[in-house]
file data.txt (compact mmCIF, C-alpha atoms)
# COMPACT_ATOMS: atom_id res chain seq x y z
CA MET A 1 0.00 0.00 0.00
CA LEU A 2 1.57 3.26 -1.12
CA THR A 3 -1.05 5.81 -0.16
CA GLY A 4 0.45 9.25 0.35
CA TRP A 5 3.50 8.74 -1.89
CA SER A 6 3.82 10.57 -5.15
CA ALA A 7 5.57 9.45 -8.32
CA THR A 8 8.06 12.30 -8.04
CA GLY A 9 9.21 10.96 -4.67
CA GLN A 10 9.56 12.62 -1.29
CA THR A 11 13.02 11.46 -0.29
CA ALA A 12 13.99 15.08 0.37
CA GLN A 13 11.48 15.13 3.22
CA GLN A 14 13.17 12.83 5.66
CA HIS A 15 11.42 11.34 8.68
CA VAL A 16 11.53 13.14 11.97
CA PHE A 17 13.45 10.37 13.72
CA ALA A 18 16.47 10.63 11.44
CA GLY A 19 18.64 12.28 14.05
CA ARG A 20 17.56 10.35 17.12
CA THR A 21 19.66 7.81 18.96
CA GLY A 22 18.53 5.22 21.45
CA VAL A 23 15.07 3.84 22.01
CA GLY A 24 12.51 6.26 23.43
CA ILE A 25 9.01 5.72 24.67
CA GLU A 26 7.70 6.09 21.11
CA TRP A 27 9.69 3.08 19.95
CA LEU A 28 8.52 1.02 22.92
CA VAL A 29 4.90 1.84 22.08
CA LEU A 30 5.47 0.86 18.46
CA GLY A 31 7.17 -2.35 19.56
CA GLY A 32 4.11 -3.28 21.62
CA ALA A 33 1.82 -2.46 18.69
CA ALA A 34 3.97 -4.63 16.42
CA PHE A 35 3.75 -7.59 18.83
CA PHE A 36 -0.05 -7.38 18.98
CA ALA A 37 -0.24 -6.89 15.20
CA GLY A 38 1.89 -9.98 14.65
CA PHE A 39 -0.29 -11.98 17.03
CA VAL A 40 -3.52 -11.11 15.21
CA ASP A 41 -2.06 -11.21 11.71
CA ALA A 42 -0.62 -14.69 12.19
CA MET A 43 -4.11 -16.11 12.66
CA VAL A 44 -6.34 -14.31 10.16
CA GLY A 45 -4.58 -11.21 8.83
CA GLY A 46 -5.50 -7.66 9.77
CA GLY A 47 -2.28 -6.77 11.58
CA GLY A 48 -2.09 -3.55 9.61
CA LEU A 49 -5.26 -2.46 11.40
CA ILE A 50 -3.09 -2.15 14.53
CA GLN A 51 0.40 -1.37 13.29
CA VAL A 52 -0.22 1.27 10.61
CA PRO A 53 -2.43 3.56 12.77
CA ALA A 54 0.14 3.22 15.58
CA LEU A 55 2.93 4.43 13.29
CA PHE A 56 0.91 7.39 12.04
CA SER A 57 -0.17 8.30 15.57
CA VAL A 58 3.29 8.13 17.16
CA MET A 59 5.12 9.73 14.21
CA PRO A 60 2.68 12.27 12.72
CA GLY A 61 5.47 14.41 11.26
CA SER A 62 6.92 11.65 9.08
CA VAL A 63 6.34 11.17 5.36
CA PRO A 64 3.45 8.67 4.93
CA ALA A 65 5.39 6.52 2.46
CA THR A 66 8.23 6.21 4.99
CA LEU A 67 5.86 4.96 7.66
CA LEU A 68 4.27 2.49 5.23
CA GLY A 69 7.70 1.24 4.16
CA THR A 70 8.71 0.76 7.80
CA ASN A 71 5.46 -1.11 8.38
CA LYS A 72 6.28 -3.47 5.50
CA LEU A 73 9.76 -4.15 6.87
CA ALA A 74 8.30 -5.21 10.22
CA SER A 75 5.37 -7.10 8.71
CA ILE A 76 7.34 -9.27 6.32
CA TRP A 77 9.37 -10.84 9.12
CA GLY A 78 6.34 -11.59 11.26
CA THR A 79 4.52 -13.04 8.25
CA MET A 80 7.49 -15.23 7.27
CA VAL A 81 7.75 -16.70 10.77
CA ALA A 82 4.01 -17.40 10.88
CA ALA A 83 4.17 -19.03 7.43
CA GLN A 84 7.05 -21.26 8.51
CA ASN A 85 5.19 -22.24 11.67
CA TYR A 86 2.05 -23.20 9.73
CA LEU A 87 3.91 -25.16 7.06
CA ARG A 88 5.43 -27.44 9.68
CA THR A 89 1.92 -28.68 10.48
CA VAL A 90 -0.33 -27.92 7.49
CA ARG A 91 0.39 -29.68 4.18
CA ILE A 92 0.04 -27.51 1.07
CA ARG A 93 1.20 -28.23 -2.47
CA PRO A 94 4.50 -26.42 -3.17
CA ALA A 95 3.45 -25.72 -6.78
CA LEU A 96 0.34 -23.87 -5.55
CA LEU A 97 2.38 -21.76 -3.15
CA LEU A 98 5.03 -20.99 -5.76
CA SER A 99 2.59 -19.93 -8.49
CA GLY A 100 0.50 -17.91 -6.05
CA ALA A 101 3.50 -16.18 -4.51
CA LEU A 102 4.90 -15.22 -7.92
CA ALA A 103 1.56 -13.81 -9.08
CA ALA A 104 1.09 -11.93 -5.80
CA PHE A 105 4.61 -10.44 -5.94
CA VAL A 106 4.31 -9.14 -9.52
CA CYS A 107 0.78 -7.78 -9.17
CA SER A 108 1.47 -6.16 -5.81
CA PHE A 109 4.34 -4.23 -7.40
CA PHE A 110 2.11 -2.98 -10.22
CA GLY A 111 -0.62 -2.05 -7.75
CA ALA A 112 1.89 -0.03 -5.74
CA TRP A 113 3.07 1.68 -8.89
CA LEU A 114 -0.50 2.50 -10.01
CA VAL A 115 -1.39 4.20 -6.72
CA THR A 116 1.38 6.74 -7.42
CA ILE A 117 -0.77 7.85 -10.37
CA VAL A 118 -4.38 7.11 -9.40
CA PRO A 119 -5.49 7.62 -5.76
CA PRO A 120 -7.72 4.81 -4.38
CA THR A 121 -10.53 7.21 -3.40
CA TYR A 122 -13.48 5.15 -4.63
CA LEU A 123 -12.03 1.87 -3.36
CA ARG A 124 -11.64 3.43 0.09
CA LYS A 125 -15.39 4.16 0.21
CA ALA A 126 -16.38 0.75 -1.16
CA LEU A 127 -14.17 -1.30 1.17
CA PRO A 128 -16.42 -1.22 4.30
CA PHE A 129 -19.31 -2.64 2.25
CA ILE A 130 -17.14 -5.39 0.75
CA LEU A 131 -15.90 -6.35 4.21
CA GLY A 132 -19.46 -6.25 5.50
CA ALA A 133 -20.52 -8.77 2.87
CA VAL A 134 -17.59 -11.02 3.82
CA ALA A 135 -18.50 -10.87 7.52
CA LEU A 136 -22.20 -11.49 6.89
CA TYR A 137 -21.54 -14.48 4.62
CA THR A 138 -19.08 -16.02 7.09
CA PHE A 139 -21.47 -15.51 10.00
CA VAL A 140 -24.48 -17.00 8.19
CA LYS A 141 -22.55 -20.03 6.90
CA LYS A 142 -21.87 -21.65 10.25
CA ASP A 143 -19.95 -24.56 8.74
CA LEU A 144 -17.80 -22.38 6.45
CA GLY A 145 -14.16 -23.28 6.89
CA VAL A 146 -14.75 -25.78 9.68
CA ASN A 147 -13.90 -28.82 7.53
CA ASP A 148 -11.17 -29.11 4.92
CA LYS A 149 -12.81 -30.22 1.63
CA PRO A 150 -10.73 -28.95 -1.32
CA ARG A 151 -12.85 -28.40 -4.44
CA PHE A 152 -10.04 -28.37 -7.01
CA ALA A 153 -6.98 -30.44 -7.81
CA GLY A 154 -3.99 -30.52 -10.15
CA ARG A 155 -3.28 -27.66 -12.52
CA GLN A 156 -6.76 -26.21 -12.10
CA GLU A 157 -6.10 -25.53 -8.41
CA ILE A 158 -2.68 -24.05 -9.19
CA TRP A 159 -3.97 -21.66 -11.87
CA LEU A 160 -6.95 -20.58 -9.80
CA ALA A 161 -4.71 -19.93 -6.80
CA ALA A 162 -2.45 -17.79 -9.02
CA ALA A 163 -5.49 -15.83 -10.24
CA VAL A 164 -6.72 -15.15 -6.69
CA ALA A 165 -3.20 -14.19 -5.60
CA ALA A 166 -2.85 -11.82 -8.56
CA VAL A 167 -6.09 -9.96 -7.79
CA ILE A 168 -5.52 -9.66 -4.03
CA GLY A 169 -1.81 -8.96 -4.55
CA PHE A 170 -2.71 -6.04 -6.81
CA TYR A 171 -5.16 -4.81 -4.18
CA ASP A 172 -2.48 -5.01 -1.48
CA GLY A 173 -0.10 -2.89 -3.54
CA PHE A 174 -2.80 -0.40 -4.52
CA PHE A 175 -4.57 -0.01 -1.18
CA GLY A 176 -3.98 -2.79 1.33
CA PRO A 177 -6.27 -2.95 4.41
CA GLY A 178 -7.55 -6.47 5.09
CA THR A 179 -5.31 -8.23 2.54
CA GLY A 180 -4.65 -11.24 4.78
CA SER A 181 -8.33 -11.55 5.65
CA PHE A 182 -9.30 -11.45 1.96
CA PHE A 183 -6.81 -14.22 1.21
CA VAL A 184 -8.23 -16.36 4.03
CA PHE A 185 -11.84 -15.81 2.95
CA CYS A 186 -11.18 -16.63 -0.72
CA PHE A 187 -9.38 -19.88 0.03
CA VAL A 188 -12.12 -20.91 2.46
CA ARG A 189 -15.09 -19.88 0.29
CA PHE A 190 -13.91 -20.81 -3.20
CA PHE A 191 -11.30 -23.53 -2.62
CA GLY A 192 -13.04 -25.37 0.21
CA TYR A 193 -10.11 -25.11 2.63
CA ASP A 194 -10.66 -24.96 6.37
CA PHE A 195 -9.61 -21.79 8.17
CA LEU A 196 -6.33 -23.29 9.35
CA ARG A 197 -5.15 -24.31 5.87
CA ALA A 198 -6.41 -21.02 4.39
CA SER A 199 -4.43 -19.09 7.01
CA ALA A 200 -1.29 -21.04 6.10
CA VAL A 201 -1.67 -20.23 2.39
CA SER A 202 -2.49 -16.62 3.25
CA LYS A 203 0.76 -16.17 5.16
CA VAL A 204 2.91 -17.42 2.28
CA LEU A 205 1.16 -15.21 -0.28
CA ASN A 206 1.27 -12.23 2.08
CA VAL A 207 5.04 -12.63 2.34
CA ALA A 208 5.21 -12.16 -1.43
CA THR A 209 3.03 -9.02 -1.45
CA ASN A 210 4.99 -7.52 1.45
CA ALA A 211 8.31 -8.28 -0.27
CA SER A 212 7.15 -6.57 -3.45
CA ALA A 213 6.01 -3.42 -1.66
CA LEU A 214 9.12 -3.38 0.54
CA LEU A 215 11.32 -3.53 -2.56
CA LEU A 216 9.65 -0.43 -3.97
CA PHE A 217 9.78 1.43 -0.65
CA GLY A 218 13.38 0.43 0.02
CA VAL A 219 14.68 1.50 -3.39
CA SER A 220 12.92 4.86 -3.03
CA GLY A 221 14.44 5.43 0.44
CA HIS A 222 11.18 5.18 2.38
CA VAL A 223 12.16 2.85 5.25
CA ILE A 224 13.35 3.65 8.79
CA TRP A 225 15.59 0.61 9.08
CA ALA A 226 16.41 0.73 12.80
CA LEU A 227 12.79 1.18 13.87
CA GLY A 228 11.64 -1.41 11.34
CA ALA A 229 14.14 -3.93 12.73
CA LEU A 230 12.91 -3.37 16.30
CA MET A 231 9.28 -3.77 15.22
CA ALA A 232 10.20 -6.86 13.20
CA VAL A 233 11.55 -8.59 16.31
CA CYS A 234 8.32 -7.77 18.16
CA GLN A 235 6.25 -8.92 15.18
CA VAL A 236 8.07 -12.25 15.16
CA GLY A 237 7.24 -12.79 18.85
CA GLY A 238 3.56 -12.05 18.27
CA SER A 239 3.46 -14.20 15.13
CA LEU A 240 4.93 -17.20 16.93
CA LEU A 241 2.32 -16.94 19.67
CA GLY A 242 -0.60 -16.32 17.29
CA SER A 243 0.23 -19.12 14.85
CA ARG A 244 0.78 -21.62 17.68
CA LEU A 245 -2.59 -20.75 19.21
CA ALA A 246 -4.29 -21.15 15.83
CA ILE A 247 -2.65 -24.55 15.24
CA ARG A 248 -3.48 -25.72 18.76
CA HIS A 249 -7.14 -24.67 18.79
CA GLY A 250 -8.00 -25.38 15.14
CA SER A 251 -10.31 -23.92 12.51
CA GLY A 252 -13.28 -23.19 14.79
CA PHE A 253 -11.15 -20.88 16.90
CA VAL A 254 -9.61 -19.21 13.84
CA ARG A 255 -13.09 -18.62 12.39
CA LYS A 256 -14.12 -16.65 15.49
CA ILE A 257 -10.96 -14.53 15.37
CA PHE A 258 -11.53 -13.97 11.65
CA LEU A 259 -15.03 -12.59 12.27
CA LEU A 260 -13.75 -10.34 15.07
CA VAL A 261 -10.95 -8.92 12.92
CA VAL A 262 -13.24 -8.32 9.94
CA VAL A 263 -15.73 -6.43 12.14
CA CYS A 264 -12.88 -4.27 13.44
CA LEU A 265 -11.76 -3.66 9.85
CA ILE A 266 -15.29 -2.58 8.91
CA ILE A 267 -15.36 -0.04 11.74
CA LYS A 268 -11.88 1.28 10.95
CA THR A 269 -12.33 1.53 7.17
CA SER A 270 -15.78 3.13 7.57
CA TYR A 271 -14.30 5.79 9.82
CA ASP A 272 -11.42 6.43 7.41
CA ALA A 273 -13.71 6.63 4.38
CA PHE A 274 -16.60 8.70 5.69
CA PHE A 275 -15.65 10.55 8.88
CA ARG A 276 -11.97 11.54 8.70

call {"tool": "encode", "arguments": {"input": "data.txt", "output": "structure tokens"}}
result
Amino acid sequence: MLTGWSATGQTAQQHVFAGRTGVGIEWLVLGGAAFFAGFVDAMVGGGGLIQVPALFSVMPGSVPATLLGTNKLASIWGTMVAAQNYLRTVRIRPALLLSGALAAFVCSFFGAWLVTIVPPTYLRKALPFILGAVALYTFVKKDLGVNDKPRFAGRQEIWLAAAVAAVIGFYDGFFGPGTGSFFVFCFVRFFGYDFLRASAVSKVLNVATNASALLLFGVSGHVIWALGALMAVCQVGGSLLGSRLAIRHGSGFVRKIFLLVVVCLIIKTSYDAFFR
């Protein structure tokens, strides 16, 4: 997500922490936010709901793109650890993960590039309604994602996974909120996965979208590396705890967390779109 960054770049406007040394109270607050974000994101996505507002609140004088780049640096490490934790327990075809990750990486980069030209104004207003439909459908379908009953196999599953990854990857680069939750929902609803398997796939594909956006932010100089490293360590701790809880308690538990996170996303995105 590259909202707030222009194609001409803003590297001349450096972040307000450039001259600071040591770890102040602001960094400790952001570390705590990163831990909680990693915990939630490891289960069903939605960590950005916690981490991005925390960055903008604690560092209001910084360039938005720099805060988003720092967020990606922290997020990718937490997501990678969660993905590794899931893949030790949940079996997923390597070909599906590879094709999906490649599609997500490429399309996320193009989405990030497009937002430097076209602001996501209309998508911002539509997002709460899309999330509302996702929450309502999940709530009504009580057995959704409880059992693992894959609907596709072979090359069909691989190509469909790549198509889903391409669309959501593009969305993550162009706008971003709820990317992990959208991945989980699509693999539960359309592929017949249970919430645990869908969360595992989601983490791998989210690593690819984060890597793509981080590449663009890093090359353009929009990352606070020291702060991002601190938040990454905290994210990893939260991700380990969250993914272990999800694996231990199973799909029914993950489904409840998914609904809770989506409701929070609806409230947050509605406020951002219509009241800010």

call {"tool": "residues_around", "arguments": {"input": "data.txt", "residues": "Ser212 (chain A)", "least_positions_apart": "2", "cutoff": "8 Å", "atoms": "all atoms listed in the file", "output": "list in words"}}
result
Phe105, Val106, Ser108, Phe109, Ala208, Thr209, Asn210, Leu214, Leu215 and Leu216 of chain A

call {"tool": "closest_atom_pairs", "arguments": {"input": "data.txt", "of": "region 30-89 of chain A", "to": "region 257-272 of chain A", "cutoff": "8 Å", "atoms": "all atoms listed in the file", "output": "tab-separated table"}}
result
residue	atom	partner	partner_atom	distance
A:Met43	CA	A:Ile257	CA	7.5
A:Val44	CA	A:Phe258	CA	5.4
A:Gly45	CA	A:Val261	CA	7.9
A:Gly46	CA	A:Val261	CA	6.4
A:Leu49	CA	A:Leu265	CA	6.8

call {"tool": "closest_residue", "arguments": {"input": "data.txt", "among": "A:Pro64, A:Gly47, A:Pro53, A:Gly69", "to": "Ser220 (chain A)", "atoms": "only C-alpha atoms"}}
result
A:Gly69

call {"tool": "closest_residue", "arguments": {"input": "data.txt", "among": "A:Val236, A:Leu73, A:Ala101, A:Leu245", "to": "Val201 (chain A)", "atoms": "all atoms listed in the file"}}
result
A:Ala101

call {"tool": "residues_around", "arguments": {"input": "data.txt", "residues": "Gln235 (chain A)", "least_positions_apart": "2", "cutoff": "6 Å", "atoms": "only C-alpha atoms", "output": "compact mmCIF listing (two decimals) with C-alpha atoms, in the frame of the given file"}}
result
# COMPACT_ATOMS: atom_id res chain seq x y z
CA ALA A 34 3.97 -4.63 16.42
CA PHE A 35 3.75 -7.59 18.83
CA GLY A 38 1.89 -9.98 14.65
CA GLY A 78 6.34 -11.59 11.26
CA MET A 231 9.28 -3.77 15.22
CA ALA A 232 10.20 -6.86 13.20
CA VAL A 233 11.55 -8.59 16.31
CA GLY A 237 7.24 -12.79 18.85
CA GLY A 238 3.56 -12.05 18.27
CA SER A 239 3.46 -14.20 15.13

call {"tool": "closest_residue", "arguments": {"input": "data.txt", "among": "A:Val188, A:Val134, A:Ala42, A:Leu28", "to": "Ile76 (chain A)", "atoms": "all atoms listed in the file"}}
result
A:Ala42

call {"tool": "closest_residue", "arguments": {"input": "data.txt", "among": "A:Val63, A:Val164, A:Cys186, A:Val52", "to": "Ser199 (chain A)", "atoms": "all atoms listed in the file"}}
result
A:Cys186

call {"tool": "closest_residue", "arguments": {"input": "data.txt", "among": "A:Val118, A:Ala213, A:Leu123, A:Leu96", "to": "Phe152 (chain A)", "atoms": "all atoms listed in the file"}}
result
A:Leu96

call {"tool": "residues_around", "arguments": {"input": "data.txt", "residues": "Ala165 (chain A)", "least_positions_apart": "3", "cutoff": "8 Å", "atoms": "all atoms listed in the file", "output": "list in words"}}
result
Gly100, Ala101, Ala103, Ala104, Ala161, Ala162, Ile168, Gly169, Phe183 and Leu205 of chain A

call {"tool": "atom_distance", "arguments": {"input": "data.txt", "atom1": "CA of Pro150 (chain A)", "atom2": "CA of Phe190 (chain A)"}}
result
8.9 Å

call {"tool": "closest_residue", "arguments": {"input": "data.txt", "among": "A:Phe56, A:Phe187, A:Phe36, A:Phe274", "to": "Arg151 (chain A)", "atoms": "all atoms listed in the file"}}
result
A:Phe187

call {"tool": "atom_distance", "arguments": {"input": "data.txt", "atom1": "CA of Val254 (chain A)", "atom2": "CA of Leu136 (chain A)"}}
result
16.3 Å

call {"tool": "closest_atom_pairs", "arguments": {"input": "data.txt", "of": "region 194-249 of chain A", "to": "region 85-91 of chain A", "cutoff": "7 Å", "atoms": "only C-alpha atoms", "output": "Markdown table"}}
result
| residue | atom | partner | partner_atom | distance |
| --- | --- | --- | --- | --- |
| A:Arg197 | CA | A:Val90 | CA | 6.2 |
| A:Ala200 | CA | A:Tyr86 | CA | 5.4 |
| A:Ser243 | CA | A:Asn85 | CA | 6.7 |

call {"tool": "atom_distance", "arguments": {"input": "data.txt", "atom1": "CA of Ala126 (chain A)", "atom2": "CA of Tyr171 (chain A)"}}
result
12.9 Å

call {"tool": "axis_aligned_box", "arguments": {"input": "data.txt", "around": "region 227-243 of chain A", "padding_each_side": "4 Å", "output": "AutoDock Vina command-line options"}}
result
--center_x 6.8 --center_y -9.0 --center_z 15.5 --size_x 22.7 --size_y 28.3 --size_z 16.3

call {"tool": "decode", "arguments": {"input": "data.txt", "residues": "region 65-76 of chain A", "atoms": "N, CA, C and O atoms", "output": "compact mmCIF listing (two decimals), in the first residue's frame"}}
result
# COMPACT_ATOMS: atom_id res chain seq x y z
N ALA A 65 4.75 7.65 3.14
CA ALA A 65 5.39 6.52 2.46
C ALA A 65 6.48 5.90 3.32
O ALA A 65 6.70 4.69 3.30
N THR A 66 7.18 6.72 4.11
CA THR A 66 8.23 6.21 4.99
C THR A 66 7.64 5.34 6.09
O THR A 66 8.21 4.31 6.45
N LEU A 67 6.51 5.75 6.63
CA LEU A 67 5.86 4.96 7.66
C LEU A 67 5.32 3.64 7.08
O LEU A 67 5.42 2.58 7.71
N LEU A 68 4.78 3.70 5.87
CA LEU A 68 4.27 2.49 5.23
C LEU A 68 5.40 1.54 4.88
O LEU A 68 5.27 0.32 5.00
N GLY A 69 6.53 2.08 4.45
CA GLY A 69 7.70 1.24 4.16
C GLY A 69 8.23 0.58 5.41
O GLY A 69 8.61 -0.60 5.39
N THR A 70 8.27 1.31 6.51
CA THR A 70 8.71 0.76 7.80
C THR A 70 7.76 -0.33 8.27
O THR A 70 8.17 -1.37 8.80
N ASN A 71 6.47 -0.11 8.05
CA ASN A 71 5.46 -1.11 8.38
C ASN A 71 5.71 -2.40 7.61
O ASN A 71 5.62 -3.50 8.17
N LYS A 72 6.03 -2.29 6.32
CA LYS A 72 6.28 -3.47 5.50
C LYS A 72 7.52 -4.23 5.97
O LYS A 72 7.54 -5.47 5.95
N LEU A 73 8.55 -3.50 6.37
CA LEU A 73 9.76 -4.15 6.87
C LEU A 73 9.46 -5.00 8.10
O LEU A 73 9.93 -6.14 8.23
N ALA A 74 8.67 -4.46 9.02
CA ALA A 74 8.30 -5.21 10.22
C ALA A 74 7.37 -6.36 9.87
O ALA A 74 7.54 -7.49 10.36
N SER A 75 6.41 -6.11 9.01
CA SER A 75 5.37 -7.10 8.71
C SER A 75 5.92 -8.32 8.01
O SER A 75 5.48 -9.45 8.28
N ILE A 76 6.88 -8.13 7.11
CA ILE A 76 7.34 -9.27 6.32
C ILE A 76 8.01 -10.33 7.19
O ILE A 76 7.88 -11.53 6.96
